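**Q** Sharing protein.tsv (TSV, C-alpha atoms) below.
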```
chain	number	residue	atom	x	y	z
A	24	MET	CA	1.70	7.87	20.09
A	25	TYR	CA	2.88	5.00	17.84
A	26	SER	CA	2.71	1.29	18.62
A	27	GLU	CA	5.82	-0.86	18.90
A	28	LYS	CA	4.96	-2.50	15.57
A	29	VAL	CA	4.75	0.86	13.81
A	30	MET	CA	8.11	1.85	15.26
A	31	ASP	CA	9.62	-1.51	14.26
A	32	HIS	CA	8.40	-1.25	10.66
A	33	PHE	CA	9.59	2.36	10.50
A	34	SER	CA	13.01	1.61	11.99
A	35	ASN	CA	13.46	-1.72	10.18
A	36	PRO	CA	11.27	-1.56	7.08
A	37	ARG	CA	10.81	-4.79	5.16
A	38	ASN	CA	10.91	-5.08	1.36
A	39	VAL	CA	12.51	-1.70	0.67
A	40	GLY	CA	13.80	-1.14	-2.81
A	41	GLU	CA	12.94	-1.66	-6.41
A	42	ILE	CA	12.38	-4.79	-8.49
A	43	GLU	CA	14.20	-4.64	-11.78
A	44	ASN	CA	11.85	-5.70	-14.58
A	45	ALA	CA	8.82	-5.65	-12.27
A	46	ASN	CA	5.65	-6.63	-14.08
A	47	ALA	CA	3.48	-4.52	-11.78
A	48	VAL	CA	4.25	-0.99	-10.61
A	49	GLY	CA	1.95	1.38	-8.76
A	50	GLU	CA	2.49	4.87	-7.45
A	51	VAL	CA	0.19	7.00	-5.34
A	52	GLY	CA	0.55	10.19	-3.39
A	53	ASN	CA	-1.27	12.53	-1.09
A	54	ALA	CA	-0.93	16.20	-2.03
A	55	LYS	CA	-1.94	17.40	1.43
A	56	CYS	CA	0.81	15.61	3.36
A	57	GLY	CA	3.36	15.01	0.59
A	58	ASP	CA	3.63	11.24	1.07
A	59	ILE	CA	4.45	9.26	-2.08
A	60	MET	CA	4.47	5.46	-2.27
A	61	LYS	CA	5.74	3.36	-5.15
A	62	ILE	CA	5.18	-0.40	-5.11
A	63	TYR	CA	6.97	-2.89	-7.37
A	64	MET	CA	5.75	-6.47	-7.81
A	65	ASP	CA	6.91	-9.62	-9.51
A	66	ILE	CA	3.73	-11.58	-10.18
A	67	GLN	CA	4.05	-15.12	-11.52
A	68	ASP	CA	1.10	-17.48	-12.15
A	69	ASN	CA	-1.20	-14.93	-10.45
A	70	VAL	CA	0.89	-15.02	-7.23
A	71	ILE	CA	2.94	-12.12	-5.87
A	72	LYS	CA	6.38	-13.72	-5.70
A	73	ASP	CA	8.16	-10.56	-4.66
A	74	VAL	CA	7.15	-7.04	-3.68
A	75	LYS	CA	9.22	-3.99	-2.81
A	76	PHE	CA	8.50	-0.36	-2.09
A	77	LYS	CA	9.99	3.10	-2.08
A	78	THR	CA	8.20	5.63	0.08
A	79	PHE	CA	8.85	9.30	0.57
A	80	GLY	CA	7.03	10.36	3.68
A	81	CYS	CA	6.61	10.21	7.40
A	82	GLY	CA	7.28	7.27	9.70
A	83	ALA	CA	3.67	6.09	9.46
A	84	ALA	CA	3.86	6.08	5.66
A	85	ILE	CA	7.02	3.97	5.74
A	86	ALA	CA	5.57	1.61	8.35
A	87	THR	CA	2.31	1.09	6.45
A	88	SER	CA	4.21	0.47	3.20
A	89	SER	CA	6.39	-2.09	4.95
A	90	MET	CA	3.45	-3.86	6.57
A	91	ALA	CA	1.32	-3.85	3.42
A	92	THR	CA	4.11	-5.46	1.38
A	93	GLU	CA	4.56	-8.11	4.06
A	94	MET	CA	0.83	-8.82	4.00
A	95	VAL	CA	0.58	-9.36	0.22
A	96	LYS	CA	3.83	-11.22	-0.46
A	97	GLY	CA	2.99	-14.80	-1.48
A	98	LYS	CA	-0.71	-13.99	-1.94
A	99	THR	CA	-2.71	-14.27	-5.13
A	100	VAL	CA	-3.66	-11.11	-6.98
A	101	ASP	CA	-7.26	-11.43	-5.76
A	102	GLU	CA	-6.16	-11.97	-2.16
A	103	ALA	CA	-3.94	-8.88	-2.37
A	104	LEU	CA	-6.80	-6.84	-3.80
A	105	SER	CA	-8.83	-7.64	-0.71
A	106	LEU	CA	-6.23	-5.96	1.54
A	107	THR	CA	-7.81	-3.01	3.31
A	108	ASN	CA	-6.28	-0.07	5.09
A	109	LYS	CA	-8.09	-1.27	8.21
A	110	ALA	CA	-6.26	-4.61	8.02
A	111	VAL	CA	-2.93	-2.77	7.67
A	112	MET	CA	-3.74	-0.60	10.69
A	113	GLU	CA	-4.77	-3.62	12.75
A	114	ALA	CA	-1.57	-5.45	11.81
A	115	LEU	CA	0.37	-2.42	13.07
A	116	ASP	CA	-1.68	-2.28	16.29
A	117	GLY	CA	-3.28	0.98	15.20
A	118	LEU	CA	-2.36	4.42	13.95
A	119	PRO	CA	-3.16	7.87	15.28
A	120	LYS	CA	-6.26	9.35	13.62
A	121	GLU	CA	-4.21	11.94	11.77
A	122	LYS	CA	-2.10	9.17	10.20
A	123	ILE	CA	-4.91	6.92	8.92
A	124	HIS	CA	-4.41	8.36	5.43
A	125	CYS	CA	-1.04	6.57	5.35
A	126	SER	CA	-2.76	3.19	5.56
A	127	VAL	CA	-5.15	4.29	2.81
A	128	LEU	CA	-2.17	5.17	0.61
A	129	ALA	CA	-0.65	1.74	1.23
A	130	GLU	CA	-3.90	0.05	0.18
A	131	GLU	CA	-4.14	2.29	-2.90
A	132	ALA	CA	-0.50	1.63	-3.87
A	133	ILE	CA	-1.11	-2.13	-3.79
A	134	GLN	CA	-4.27	-1.68	-5.89
A	135	SER	CA	-2.41	0.59	-8.31
A	136	ALA	CA	0.34	-1.98	-8.86
A	137	ILE	CA	-2.17	-4.77	-9.39
A	138	ASN	CA	-4.16	-2.63	-11.82
A	139	ASP	CA	-0.92	-1.98	-13.72
A	140	TYR	CA	-0.38	-5.76	-13.88
A	141	LYS	CA	-3.94	-6.30	-15.10
A	142	LYS	CA	-3.57	-3.58	-17.74
A	143	ARG	CA	-0.32	-5.10	-19.01
A	144	ASN	CA	-2.15	-8.43	-19.35
A	145	GLY	CA	-5.23	-7.05	-21.11
A	146	GLU	CA	-7.51	-7.35	-18.07
A	147	ALA	CA	-9.94	-4.81	-16.68
A	148	PRO	CA	-8.69	-2.94	-13.61
A	149	ALA	CA	-10.17	-3.66	-10.21
A	150	GLU	CA	-12.72	-1.21	-8.86
A	151	ASN	CA	-11.73	1.18	-6.09
A	152	LYS	CA	-13.24	-0.15	-2.87
A	153	CYS	CA	-12.89	2.93	-0.67
A	154	ASP	CA	-15.27	2.79	2.28
A	155	PHE	CA	-14.65	6.43	3.31
A	156	CYS	CA	-13.21	5.19	6.61
A	157	CYS	CA	-10.89	8.16	6.84
A	158	GLN	CA	-12.98	10.67	4.89
A	159	LYS	CA	-9.97	11.24	2.62
A	160	CYS	CA	-12.09	11.14	-0.53
A	161	GLU	CA	-14.63	13.51	0.95
A	162	ASP	CA	-11.85	15.89	2.04
A	163	VAL	CA	-10.46	15.92	-1.51
A	164	LYS	CA	-13.90	16.83	-2.88
A	165	LYS	CA	-14.05	19.84	-0.51
A	166	ASP	CA	-10.67	21.28	-1.59
```
Is it possible to express this structure as structure tokens?

**A**
Amino acid sequence: MYSEKVMDHFSNPRNVGEIENANAVGEVGNAKCGDIMKIYMDIQDNVIKDVKFKTFGCGAAIATSSMATEMVKGKTVDEALSLTNKAVMEALDGLPKEKIHCSVLAEEAIQSAINDYKKRNGEAPAENKCDFCCQKCEDVKKD
């Protein structure tokens, strides 16, 4: 059901924890499944120097959080904003269809933290770039 990479990032998650005095914090959740992701970043000179996460959720939620933090660490804010849930899924060698929403949450948590950073620095937040790949937004509208 899960790839070896998903199992590795679930069993040995990278970047777990909290950054004291983080200058970017984002939190997102999915009411349907109960997953909650909180991302902490230390951004210096527009580069993500450190990133950590705390996730309450299933193995896929933990794995996608771990992978997403690995993918943005050392990147510029703009590079991190270009991270998509599809890229996270590809890096994990895929996710079952019913777990795609976890990769969407990881993308949204990264965006939320960066928007927090932008807000703290008097900048306009980035636009949501959802491409409806998982129909999550459409499902929310139906509820």

**Q** Give me, please, the distance in Å between CA of His32 in chain A and CA of Phe79 in chain A, quoted to one decimal.

**A**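 According to the coordinates, CA of His32 in chain A and CA of Phe79 in chain A are separated by 14.6 Å.
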
**Q** Between CA of Lys141 in chain A and CA of Leu128 in chain A, measure the distance and give it in Å to one decimal.

**A**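 About the pair CA of Lys141 in chain A and CA of Leu128 in chain A: they are 19.5 Å apart.
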
**Q** So, with all atoms listed in the file as the atoms that count, which of A:Gly49, A:Val95, A:Thr87, A:Ser26 lies closest to Ile71 in chain A?

**A**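 Result for the nearest residue to Ile71 in chain A: A:Val95.
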
**Q** So which residues touch Ile133 in chain A within 8 Å, counting all atoms listed in the file, skipping near sequence neighbours fewer than 5 positions away, as JSON, numbers by chain?

**A** {"A": [49, 62, 91, 103, 104]}

**Q** Between CA of Thr78 in chain A and CA of Val51 in chain A, measure the distance and give it in Å to one decimal.

**A** 9.8 Å

**Q** Using all atoms listed in the file, pick whichever of A:Ala149, A:Thr99, A:Glu131, A:Asn44 has the shortest atom-to-atom distance to Gln67 in chain A.

**A**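 That would be A:Thr99, the residue with the smallest distance to Gln67 in chain A.
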
**Q** Residues at most 9 Å from Phe33 in chain A, counting only C-alpha atoms, excluding those fewer than 5 positions away in the same chain, as a list in words?

**A**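 Close residues of Phe33 in chain A: Lys28, Cys81, Gly82, Ala83, Ala84, Ile85, Ala86, Thr87 and Ser89 of chain A.
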
**Q** With a distance cut-off of 12 Å and all atoms listed in the file, select the neighbouring residues of Lys142 in chain A, excluding the residue or stretch itself and same-chain residues fewer than 4 positions from it, and output the selection as a list in words.

**A** Asn46, Ala47, Val48, Gly49, Ser135, Ala136, Ile137, Asn138, Glu146, Ala147, Pro148 and Ala149 of chain A

**Q** Taking into account only C-alpha atoms, which residue in the set A:Met90, A:Met60, A:Met24, A:Ala129 is nearest to Leu115 in chain A?

**A**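 Checking each candidate against Leu115 in chain A, we get A:Met90 as the closest.
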
**Q** Nearest to Glu121 in chain A among A:Val39, A:Met64, A:Val100, A:Cys56, with distances taken over only C-alpha atoms: which residue is it?

**A**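 Among A:Val39, A:Met64, A:Val100, A:Cys56, it is A:Cys56 that comes nearest to Glu121 in chain A.
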
**Q** Which one is closest to Ile42 in chain A: A:Glu113, A:Glu130, A:Glu93, A:Asp73? Count only C-alpha atoms.

**A**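 Nearest to Ile42 in chain A: A:Asp73.
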
**Q** I'd like the neighbourhood of Asn53 in chain A as a PyMOL selection string, where a residue qualifies if any of its atoms comes within 10 Å (using all atoms listed in the file), though same-chain residues fewer than 5 positions away should be ignored.

**A** chain A and resi 58-60+80+124-125+127-128+159+163

**Q** Can you work out which one of A:Arg143, A:Lys98, A:Lys120, A:Val111 has the shortest atom-to-atom distance to Asp68 in chain A, counting only C-alpha atoms?

**A** A:Lys98
